[in-house]
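Next comes run17.csv, with CSV, C-alpha atoms.
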chain,number,residue,atom,x,y,z
A,1,MET,CA,6.5,-22.1,-5.0
A,2,GLU,CA,6.8,-22.1,-8.8
A,3,ASP,CA,6.7,-18.4,-9.5
A,4,PHE,CA,5.9,-15.0,-8.1
A,5,THR,CA,2.1,-15.4,-8.2
A,6,LYS,CA,1.6,-16.0,-4.4
A,7,ILE,CA,4.1,-13.3,-3.5
A,8,ILE,CA,2.2,-10.8,-5.7
A,9,GLU,CA,-1.2,-11.9,-4.2
A,10,VAL,CA,0.0,-11.3,-0.7
A,11,ALA,CA,1.7,-8.0,-1.6
A,12,LYS,CA,-1.6,-6.8,-3.0
A,13,GLU,CA,-3.4,-7.7,0.2
A,14,CYS,CA,-0.9,-6.0,2.6
A,15,GLN,CA,-0.1,-2.9,0.5
A,16,GLY,CA,3.0,-1.9,2.4
A,17,LYS,CA,4.7,1.4,2.5
A,18,VAL,CA,8.2,2.1,1.3
A,19,ILE,CA,10.9,4.6,2.4
A,20,VAL,CA,13.3,5.8,-0.3
A,21,PRO,CA,16.5,7.8,0.7
A,22,LEU,CA,17.6,10.0,-2.1
A,23,ALA,CA,14.5,9.2,-4.1
A,24,GLU,CA,15.6,11.3,-7.2
A,25,SER,CA,16.3,8.0,-9.0
A,26,PRO,CA,14.3,7.5,-12.2
A,27,GLU,CA,14.6,3.7,-11.9
A,28,ALA,CA,13.6,3.6,-8.3
A,29,LEU,CA,10.6,5.9,-8.8
A,30,GLU,CA,9.6,4.0,-11.9
A,31,ALA,CA,9.5,0.8,-9.8
A,32,VAL,CA,7.5,2.6,-7.1
A,33,LYS,CA,5.0,3.7,-9.8
A,34,MET,CA,4.7,0.2,-11.2
A,35,ALA,CA,4.2,-1.2,-7.7
A,36,MET,CA,1.6,1.5,-7.0
A,37,ASP,CA,-0.2,0.7,-10.2
A,38,GLU,CA,-0.2,-3.0,-9.5
A,39,GLY,CA,-1.6,-2.4,-6.0
A,40,TRP,CA,1.5,-3.7,-4.2
A,41,LEU,CA,2.4,-0.4,-2.5
A,42,HIS,CA,0.4,2.1,-0.6
A,43,GLY,CA,2.6,5.2,-0.5
A,44,GLY,CA,5.4,5.9,2.0
A,45,VAL,CA,8.1,8.5,2.3
A,46,LEU,CA,10.4,9.9,-0.4
A,47,ILE,CA,13.6,11.7,0.9
A,48,GLY,CA,15.9,13.7,-1.3
A,49,ASN,CA,16.1,16.6,-3.7
A,50,LEU,CA,12.4,17.3,-4.0
A,51,GLU,CA,12.7,19.4,-7.1
A,52,LYS,CA,14.2,16.5,-8.9
A,53,VAL,CA,11.8,14.0,-7.3
A,54,ARG,CA,8.8,16.1,-8.5
A,55,LYS,CA,10.2,16.5,-12.0
A,56,ILE,CA,10.8,12.7,-12.4
A,57,ALA,CA,7.3,12.0,-10.9
A,58,GLU,CA,5.7,14.3,-13.4
A,59,GLU,CA,7.6,12.7,-16.3
A,60,ILE,CA,6.5,9.1,-15.3
A,61,ASN,CA,3.0,10.2,-14.1
A,62,LEU,CA,3.6,9.1,-10.4
A,63,ASP,CA,1.0,10.6,-8.1
A,64,LEU,CA,2.9,11.9,-5.0
A,65,ALA,CA,-0.2,12.5,-2.9
A,66,ALA,CA,0.3,9.1,-1.1
A,67,PHE,CA,3.8,10.1,-0.1
A,68,GLU,CA,5.4,12.2,2.6
A,69,LEU,CA,8.1,14.3,1.0
A,70,ILE,CA,11.2,15.3,2.9
A,71,GLU,CA,13.9,17.6,1.6
A,72,MET,CA,17.3,16.2,2.4
A,73,THR,CA,20.3,15.9,0.1
A,74,ASP,CA,23.2,14.6,2.3
A,75,PRO,CA,23.3,10.8,1.5
A,76,LEU,CA,24.2,9.5,5.0
A,77,GLU,CA,21.8,11.9,6.7
A,78,ALA,CA,19.0,10.8,4.3
A,79,ALA,CA,19.8,7.1,4.9
A,80,ASN,CA,19.8,7.6,8.7
A,81,HIS,CA,16.6,9.6,8.7
A,82,ALA,CA,15.0,6.9,6.5
A,83,ILE,CA,15.6,4.3,9.2
A,84,VAL,CA,14.4,6.6,12.0
A,85,LEU,CA,11.2,6.9,10.1
A,86,LEU,CA,11.1,3.2,9.6
A,87,ASN,CA,11.4,2.7,13.3
A,88,GLN,CA,8.6,5.2,13.8
A,89,GLY,CA,6.3,3.0,11.7
A,90,LYS,CA,6.2,5.4,8.7
A,91,GLY,CA,7.2,2.5,6.3
A,92,ASN,CA,7.6,-1.3,6.2
A,93,PHE,CA,10.8,-1.6,4.2
A,94,LEU,CA,13.6,0.4,2.4
A,95,LEU,CA,14.4,0.9,-1.2
A,96,LYS,CA,17.8,2.3,-2.2
A,97,GLY,CA,17.5,5.5,-4.2
A,98,LEU,CA,20.2,7.5,-5.9
A,99,ILE,CA,22.6,6.9,-3.0
A,100,ASP,CA,25.9,5.1,-2.7
A,101,THR,CA,25.6,1.7,-1.3
A,102,LYS,CA,28.2,2.4,1.4
A,103,TYR,CA,26.0,5.1,3.0
A,104,TYR,CA,22.9,3.0,2.6
A,105,MET,CA,24.5,0.0,4.3
A,106,LYS,CA,26.2,2.1,7.0
A,107,ALA,CA,22.9,3.5,8.1
A,108,ILE,CA,21.3,0.0,8.2
A,109,LEU,CA,24.2,-1.3,10.3
A,110,ASN,CA,24.2,1.7,12.7
A,111,LYS,CA,23.8,0.1,16.1
A,112,GLU,CA,21.9,3.2,17.3
A,113,HIS,CA,19.0,2.3,15.0
A,114,GLY,CA,18.8,-1.3,16.4
A,115,LEU,CA,17.9,-2.6,12.9
A,116,VAL,CA,20.4,-5.5,12.9
A,117,PRO,CA,20.2,-7.9,15.9
A,118,GLU,CA,23.6,-8.3,17.7
A,119,GLY,CA,25.7,-10.9,15.9
A,120,ASN,CA,23.7,-11.0,12.7
A,121,LEU,CA,25.3,-10.7,9.3
A,122,LEU,CA,23.6,-8.9,6.4
A,123,SER,CA,23.5,-10.9,3.2
A,124,HIS,CA,22.0,-10.3,-0.2
A,125,ILE,CA,19.5,-12.8,-1.6
A,126,VAL,CA,18.1,-13.0,-5.1
A,127,LEU,CA,14.9,-14.9,-5.8
A,128,MET,CA,14.7,-15.9,-9.4
A,129,GLN,CA,11.9,-17.3,-11.6
A,130,VAL,CA,14.1,-19.0,-14.3
A,131,PRO,CA,12.4,-20.3,-17.5
A,132,GLY,CA,12.9,-24.0,-17.6
A,133,TYR,CA,13.4,-24.4,-13.8
A,134,HIS,CA,10.4,-25.9,-11.9
A,135,LYS,CA,10.4,-23.5,-8.9
A,136,LEU,CA,11.7,-20.2,-7.6
A,137,LEU,CA,15.5,-20.3,-7.1
A,138,GLY,CA,17.5,-18.4,-4.5
A,139,ILE,CA,21.0,-17.2,-5.0
A,140,SER,CA,23.4,-15.7,-2.4
A,141,ASP,CA,25.4,-13.5,-2.2
A,142,VAL,CA,25.7,-11.3,-5.3
A,143,ALA,CA,26.2,-7.9,-3.7
A,144,VAL,CA,27.2,-7.6,0.0
A,145,ASN,CA,29.7,-10.3,1.2
A,146,ILE,CA,32.8,-10.3,-0.9
A,147,TYR,CA,34.9,-13.2,0.4
A,148,PRO,CA,32.8,-14.7,3.3
A,149,THR,CA,34.5,-16.9,5.9
A,150,LEU,CA,33.1,-20.3,6.9
A,151,ASP,CA,31.2,-18.8,9.8
A,152,GLN,CA,29.8,-16.0,7.6
A,153,LYS,CA,28.6,-18.6,5.2
A,154,LYS,CA,26.6,-20.2,8.0
A,155,GLN,CA,24.9,-16.9,8.7
A,156,MET,CA,24.2,-16.5,5.0
A,157,ILE,CA,22.6,-19.9,4.9
A,158,GLU,CA,20.4,-19.0,7.9
A,159,ASN,CA,19.3,-15.8,6.3
A,160,ALA,CA,18.4,-17.5,3.0
A,161,VAL,CA,16.6,-20.4,4.7
A,162,GLY,CA,14.7,-17.9,6.8
A,163,VAL,CA,13.4,-16.2,3.7
A,164,PHE,CA,12.3,-19.5,2.2
A,165,HIS,CA,10.6,-20.5,5.4
A,166,LYS,CA,8.5,-17.3,5.1
A,167,LEU,CA,7.8,-18.3,1.5
A,168,GLY,CA,6.3,-21.6,2.9
A,169,VAL,CA,9.2,-23.9,2.1
A,170,GLU,CA,9.5,-26.1,5.3
A,171,ARG,CA,12.9,-27.7,4.4
A,172,PRO,CA,14.7,-25.6,1.9
A,173,LYS,CA,17.3,-27.5,-0.2
A,174,VAL,CA,20.6,-25.7,-0.1
A,175,ALA,CA,23.3,-26.4,-2.6
A,176,ILE,CA,26.8,-25.3,-1.6
A,177,MET,CA,28.3,-24.2,-4.9
A,178,ALA,CA,31.9,-25.0,-6.1
A,179,PRO,CA,33.6,-25.7,-9.4
A,180,VAL,CA,33.8,-29.4,-8.7
A,181,GLU,CA,31.7,-31.9,-6.8
A,182,LYS,CA,34.4,-33.4,-4.6
A,183,VAL,CA,36.3,-31.9,-1.6
A,184,ASN,CA,39.7,-30.8,-2.8
A,185,PRO,CA,42.1,-29.3,-0.1
A,186,LYS,CA,43.4,-26.9,-2.8
A,187,ILE,CA,40.0,-25.5,-3.5
A,188,GLU,CA,38.7,-23.6,-0.5
A,189,SER,CA,35.0,-23.5,-1.7
A,190,THR,CA,35.0,-27.3,-1.6
A,191,VAL,CA,36.5,-27.5,1.8
A,192,HIS,CA,33.9,-25.0,3.1
A,193,ALA,CA,31.2,-27.1,1.5
A,194,GLY,CA,32.3,-30.2,3.2
A,195,GLU,CA,32.3,-28.4,6.6
A,196,LEU,CA,28.9,-26.8,6.0
A,197,VAL,CA,27.4,-30.2,5.1
A,198,LYS,CA,28.7,-31.7,8.3
A,199,TYR,CA,27.5,-28.7,10.4
A,200,TYR,CA,23.9,-28.9,9.1
A,201,LYS,CA,23.6,-32.6,8.7
A,202,ASP,CA,21.2,-33.0,11.7
A,203,ARG,CA,19.0,-30.0,11.0
A,204,ASP,CA,15.3,-30.8,10.3
A,205,ASP,CA,14.5,-27.4,8.9
A,206,MET,CA,16.8,-27.5,5.9
A,207,ILE,CA,18.8,-29.9,3.7
A,208,VAL,CA,22.4,-28.8,2.9
A,209,GLU,CA,24.5,-30.7,0.3
A,210,GLY,CA,27.6,-30.1,-1.7
A,211,PRO,CA,30.1,-29.3,-3.0
A,212,PHE,CA,28.0,-29.1,-6.2
A,213,ASP,CA,28.6,-27.4,-9.5
A,214,LEU,CA,25.8,-25.6,-11.2
A,215,TYR,CA,24.8,-28.6,-13.3
A,216,ILE,CA,24.3,-30.8,-10.3
A,217,ALA,CA,22.4,-28.2,-8.3
A,218,VAL,CA,19.7,-27.7,-11.0
A,219,SER,CA,19.7,-30.9,-13.1
A,220,LYS,CA,19.0,-34.4,-11.9
A,221,HIS,CA,20.2,-35.7,-15.2
A,222,ALA,CA,23.6,-34.1,-14.8
A,223,ALA,CA,23.8,-35.4,-11.3
A,224,GLU,CA,23.1,-38.9,-12.5
A,225,GLU,CA,25.7,-38.5,-15.3
A,226,LYS,CA,28.3,-37.5,-12.7
A,227,GLY,CA,27.3,-40.2,-10.3
A,228,VAL,CA,26.3,-37.7,-7.6
A,229,LYS,CA,23.3,-38.6,-5.3
A,230,GLY,CA,21.4,-36.5,-2.9
A,231,GLU,CA,18.1,-34.8,-2.1
A,232,VAL,CA,19.3,-31.4,-3.4
A,233,CYS,CA,20.5,-32.7,-6.8
A,234,GLY,CA,18.5,-31.1,-9.5
A,235,ASP,CA,16.1,-29.6,-7.0
A,236,ALA,CA,17.9,-26.8,-5.2
A,237,ASP,CA,15.9,-24.0,-3.6
A,238,ILE,CA,19.0,-22.1,-2.7
A,239,MET,CA,22.5,-21.9,-4.3
A,240,LEU,CA,25.1,-20.5,-1.9
A,241,PHE,CA,28.1,-19.3,-3.9
A,242,PRO,CA,31.6,-19.2,-2.5
A,243,ASN,CA,32.2,-15.5,-3.0
A,244,LEU,CA,31.1,-12.4,-4.9
A,245,ASP,CA,33.4,-13.1,-7.8
A,246,ALA,CA,31.4,-16.3,-8.5
A,247,ALA,CA,27.8,-15.2,-7.5
A,248,ASN,CA,27.6,-11.8,-9.2
A,249,PRO,CA,28.5,-12.9,-12.7
A,250,VAL,CA,26.1,-15.8,-12.5
A,251,TYR,CA,23.3,-13.4,-11.5
A,252,LYS,CA,24.1,-11.0,-14.3
A,253,VAL,CA,24.5,-13.6,-17.0
A,254,MET,CA,21.1,-15.1,-16.1
A,255,ASN,CA,19.5,-11.7,-16.3
A,256,GLN,CA,21.2,-10.7,-19.5
A,257,PHE,CA,21.0,-13.9,-21.5
A,258,ILE,CA,17.9,-15.8,-20.3
A,259,PRO,CA,14.7,-14.3,-21.9
A,260,GLY,CA,11.9,-14.1,-19.5
A,261,ASN,CA,14.1,-14.4,-16.4
A,262,LYS,CA,12.5,-12.6,-13.5
A,263,CYS,CA,14.0,-11.8,-10.2
A,264,ALA,CA,13.6,-9.9,-6.9
A,265,ALA,CA,16.4,-9.1,-4.5
A,266,ILE,CA,16.7,-8.0,-0.9
A,267,VAL,CA,19.2,-7.7,1.9
A,268,ALA,CA,18.3,-10.1,4.7
A,269,GLY,CA,19.6,-10.3,8.3
A,270,ALA,CA,18.0,-7.1,9.6
A,271,LYS,CA,14.6,-6.8,11.3
A,272,ILE,CA,13.1,-5.7,8.0
A,273,PRO,CA,14.0,-6.4,4.3
A,274,ALA,CA,16.0,-3.7,2.5
A,275,ILE,CA,16.1,-3.4,-1.3
A,276,LEU,CA,19.5,-3.0,-2.7
A,277,PRO,CA,19.2,-2.9,-6.5
A,278,SER,CA,22.0,-2.4,-8.9
A,279,ARG,CA,21.7,0.8,-11.0
A,280,ALA,CA,21.6,-1.5,-14.0
A,281,ASP,CA,18.7,-3.6,-12.7
A,282,SER,CA,15.5,-3.2,-14.5
A,283,SER,CA,12.4,-1.5,-13.1
A,284,GLU,CA,10.7,-4.9,-13.3
A,285,THR,CA,13.3,-6.3,-10.9
A,286,LYS,CA,12.9,-3.4,-8.5
A,287,LYS,CA,9.1,-3.8,-8.7
A,288,LEU,CA,9.3,-7.5,-7.9
A,289,SER,CA,11.7,-6.7,-5.1
A,290,ILE,CA,9.1,-4.4,-3.6
A,291,ALA,CA,6.5,-7.2,-3.9
A,292,LEU,CA,8.9,-9.6,-2.1
A,293,SER,CA,9.6,-7.1,0.6
A,294,ALA,CA,5.8,-6.5,1.1
A,295,PHE,CA,5.3,-10.3,1.3
A,296,LEU,CA,8.0,-10.7,3.9
A,297,THR,CA,6.6,-8.0,6.1
A,298,ALA,CA,3.0,-9.0,5.8
Will you turn the file into structure tokens for me?
Amino acid sequence: MEDFTKIIEVAKECQGKVIVPLAESPEALEAVKMAMDEGWLHGGVLIGNLEKVRKIAEEINLDLAAFELIEMTDPLEAANHAIVLLNQGKGNFLLKGLIDTKYYMKAILNKEHGLVPEGNLLSHIVLMQVPGYHKLLGISDVAVNIYPTLDQKKQMIENAVGVFHKLGVERPKVAIMAPVEKVNPKIESTVHAGELVKYYKDRDDMIVEGPFDLYIAVSKHAAEEKGVKGEVCGDADIMLFPNLDAANPVYKVMNQFIPGNKCAAIVAGAKIPAILPSRADSSETKKLSIALSAFLTA
């Protein structure tokens, strides 16, 4: 999949519904309006300070007729109620509004809601359309897992590969990222990479290689120059970074300094996708995240 075209087409066909806890967020409501205008969204539920929600909606010309409006200002109560409504079929996916991430994630992880299967790990996945790269590129984890263990990285790979399977990629190519391309006992990320490659070597639903630096993962020429061979070299579908310190800056640098870079982001590992945008993310990113969520729940 070269770009977001197919994702957008499917999103238009299914027209999912979104539930937004603490919806009094100008950026979130702007994204909702953009998705409504594009035909990717068919209403949903807005929970929060309704006076503020109506004021923002009026300012951006968002028609609230397609939404159920619920007055609720306590963040954790709003997040929990959003998931109750989700389980009742009032929406297909979640979009974080003006709510602290800890309350949003706490509600998603609440075992009483049954949203996260036993033993599953939630992980953040960014899907990028990078100018100059020949297909959509996945990055994990830029927001949720801080210093994942080896076992957690396995679950992060499963989550990301699961998303790419739904995107129609039969054998996603996963690059395990590190600062160097050889296993070094003093660099944990390379040790983990070696273990992950061994663990997944017999899988026929994915290809896992590494340790790779960024050059090797996305450039065949760089791989040749460094003498590194593999099916993933220069053709990665997914880049799994060693920790938040590595992944988050890469994501933000690409967004900030690459003109025309487009991305969508979700939290995977639950029964439904949840959109966890940064407050600094553009409305375009949030809009495409809605399209991706609609696609994944179609």
Quiz item: Between A:Asn159, A:Gln15, A:Asn261, A:Ser123, which has the minimum distance to Ala143 (chain A) (counting all atoms listed in the file)?
Solution: A:Ser123
Go through region 168-276 of chain A residue by residue and, counting only C-alpha atoms, keep those with an atom at most 9 Å from region 84-101 of chain A; for each kept residue give the shortest atom pair and its distance in Å to one decimal, ordered by chain and increasing number, as a Markdown table.
| residue | atom | partner | partner_atom | distance |
| --- | --- | --- | --- | --- |
| A:Ile272 | CA | A:Phe93 | CA | 6.0 |
| A:Pro273 | CA | A:Phe93 | CA | 5.8 |
| A:Ala274 | CA | A:Leu94 | CA | 4.8 |
| A:Ile275 | CA | A:Leu95 | CA | 4.6 |
| A:Leu276 | CA | A:Lys96 | CA | 5.6 |
Quiz item: Which is closer to Leu115 (chain A) than all the others in A:Val144, A:Ile83, A:Ile207, A:Ala222, using only C-alpha atoms?
Solution: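 Smallest distance to Leu115 (chain A) is found for A:Ile83.
For His192 (chain A), the list of residues within 8 Å, based on all atoms listed in the file and with local chain neighbours fewer than 4 positions off taken out, reads Leu150, Glu188 and Leu196 of chain A.
For Glu284 (chain A), the non-local neighbours within 9 Å, defined as residues at least 5 positions apart in the same chain or in other chains and counting all atoms listed in the file, are Ala31, Met34, Lys262, Cys263, Ala264 and Ser289 of chain A.
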Quiz item: Using all atoms listed in the file, which of A:Ala65, A:Ala223, A:Ile258, A:Ile70 sits nearest Gly132 (chain A)?
Solution: A:Ile258
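Proximity to Met239 (chain A) was assessed for A:Ala280, A:Ala265, A:Leu127, A:Val180 counting all atoms listed in the file; the smallest distance is recorded for A:Leu127.
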Quiz prompt | Near-region 73-75 of chain A list (7 Å; all atoms listed in the file; drop same-chain fewer than 5 positions) as a list in words | solution = Leu22, Gly48, Asn49, Ile99 and Tyr103 of chain A
Self-check item: Glu51 (chain A) environment, 12 Å, only C-alpha atoms, sequence neighbours closer than 2 positions dropped, as a PyMOL selection string
Solution: chain A and resi 22-24+46-49+53-58+69-73
Since the input has fewer atoms than a full residue there, write region 23-42 of chain A out with N, CA and C atoms, as a PDB file, keeping the file's coordinate frame.
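What follows is the written file out17.pdb:
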ATOM      1  N   ALA A  23      15.525   9.816  -3.211  1.00  0.00           N
ATOM      2  CA  ALA A  23      14.500   9.200  -4.100  1.00  0.00           C
ATOM      3  C   ALA A  23      14.579   9.775  -5.529  1.00  0.00           C
ATOM      4  N   GLU A  24      15.506  10.693  -5.817  1.00  0.00           N
ATOM      5  CA  GLU A  24      15.600  11.300  -7.200  1.00  0.00           C
ATOM      6  C   GLU A  24      16.268  10.300  -8.137  1.00  0.00           C
ATOM      7  N   SER A  25      15.829   9.076  -8.124  1.00  0.00           N
ATOM      8  CA  SER A  25      16.300   8.000  -9.000  1.00  0.00           C
ATOM      9  C   SER A  25      15.192   7.641  -9.966  1.00  0.00           C
ATOM     10  N   PRO A  26      15.343   7.886 -11.267  1.00  0.00           N
ATOM     11  CA  PRO A  26      14.300   7.500 -12.200  1.00  0.00           C
ATOM     12  C   PRO A  26      13.892   6.050 -12.130  1.00  0.00           C
ATOM     13  N   GLU A  27      14.900   5.171 -11.976  1.00  0.00           N
ATOM     14  CA  GLU A  27      14.600   3.700 -11.900  1.00  0.00           C
ATOM     15  C   GLU A  27      13.840   3.366 -10.670  1.00  0.00           C
ATOM     16  N   ALA A  28      14.246   3.935  -9.526  1.00  0.00           N
ATOM     17  CA  ALA A  28      13.600   3.600  -8.300  1.00  0.00           C
ATOM     18  C   ALA A  28      12.129   4.147  -8.297  1.00  0.00           C
ATOM     19  N   LEU A  29      11.943   5.371  -8.774  1.00  0.00           N
ATOM     20  CA  LEU A  29      10.600   5.900  -8.800  1.00  0.00           C
ATOM     21  C   LEU A  29       9.723   5.237  -9.852  1.00  0.00           C
ATOM     22  N   GLU A  30      10.323   4.770 -10.938  1.00  0.00           N
ATOM     23  CA  GLU A  30       9.600   4.000 -11.900  1.00  0.00           C
ATOM     24  C   GLU A  30       9.085   2.677 -11.295  1.00  0.00           C
ATOM     25  N   ALA A  31       9.941   2.053 -10.505  1.00  0.00           N
ATOM     26  CA  ALA A  31       9.500   0.800  -9.800  1.00  0.00           C
ATOM     27  C   ALA A  31       8.438   1.100  -8.803  1.00  0.00           C
ATOM     28  N   VAL A  32       8.555   2.214  -8.091  1.00  0.00           N
ATOM     29  CA  VAL A  32       7.500   2.600  -7.100  1.00  0.00           C
ATOM     30  C   VAL A  32       6.182   2.809  -7.847  1.00  0.00           C
ATOM     31  N   LYS A  33       6.218   3.491  -8.993  1.00  0.00           N
ATOM     32  CA  LYS A  33       5.000   3.700  -9.800  1.00  0.00           C
ATOM     33  C   LYS A  33       4.372   2.390 -10.211  1.00  0.00           C
ATOM     34  N   MET A  34       5.215   1.493 -10.717  1.00  0.00           N
ATOM     35  CA  MET A  34       4.700   0.200 -11.200  1.00  0.00           C
ATOM     36  C   MET A  34       4.078  -0.569 -10.031  1.00  0.00           C
ATOM     37  N   ALA A  35       4.721  -0.532  -8.862  1.00  0.00           N
ATOM     38  CA  ALA A  35       4.200  -1.200  -7.700  1.00  0.00           C
ATOM     39  C   ALA A  35       2.876  -0.573  -7.224  1.00  0.00           C
ATOM     40  N   MET A  36       2.794   0.747  -7.298  1.00  0.00           N
ATOM     41  CA  MET A  36       1.600   1.500  -7.000  1.00  0.00           C
ATOM     42  C   MET A  36       0.441   1.061  -7.918  1.00  0.00           C
ATOM     43  N   ASP A  37       0.766   1.050  -9.200  1.00  0.00           N
ATOM     44  CA  ASP A  37      -0.200   0.700 -10.200  1.00  0.00           C
ATOM     45  C   ASP A  37      -0.735  -0.720 -10.057  1.00  0.00           C
ATOM     46  N   GLU A  38       0.158  -1.623  -9.631  1.00  0.00           N
ATOM     47  CA  GLU A  38      -0.200  -3.000  -9.500  1.00  0.00           C
ATOM     48  C   GLU A  38      -0.953  -3.259  -8.144  1.00  0.00           C
ATOM     49  N   GLY A  39      -0.941  -2.262  -7.250  1.00  0.00           N
ATOM     50  CA  GLY A  39      -1.600  -2.400  -6.000  1.00  0.00           C
ATOM     51  C   GLY A  39      -0.736  -3.084  -4.916  1.00  0.00           C
ATOM     52  N   TRP A  40       0.587  -3.088  -5.117  1.00  0.00           N
ATOM     53  CA  TRP A  40       1.500  -3.700  -4.200  1.00  0.00           C
ATOM     54  C   TRP A  40       2.008  -2.730  -3.135  1.00  0.00           C
ATOM     55  N   LEU A  41       1.756  -1.479  -3.352  1.00  0.00           N
ATOM     56  CA  LEU A  41       2.400  -0.400  -2.500  1.00  0.00           C
ATOM     57  C   LEU A  41       1.285   0.611  -2.212  1.00  0.00           C
ATOM     58  N   HIS A  42       1.394   1.142  -0.992  1.00  0.00           N
ATOM     59  CA  HIS A  42       0.400   2.100  -0.600  1.00  0.00           C
ATOM     60  C   HIS A  42       1.108   3.376  -0.042  1.00  0.00           C
TER      61      HIS A  42
END
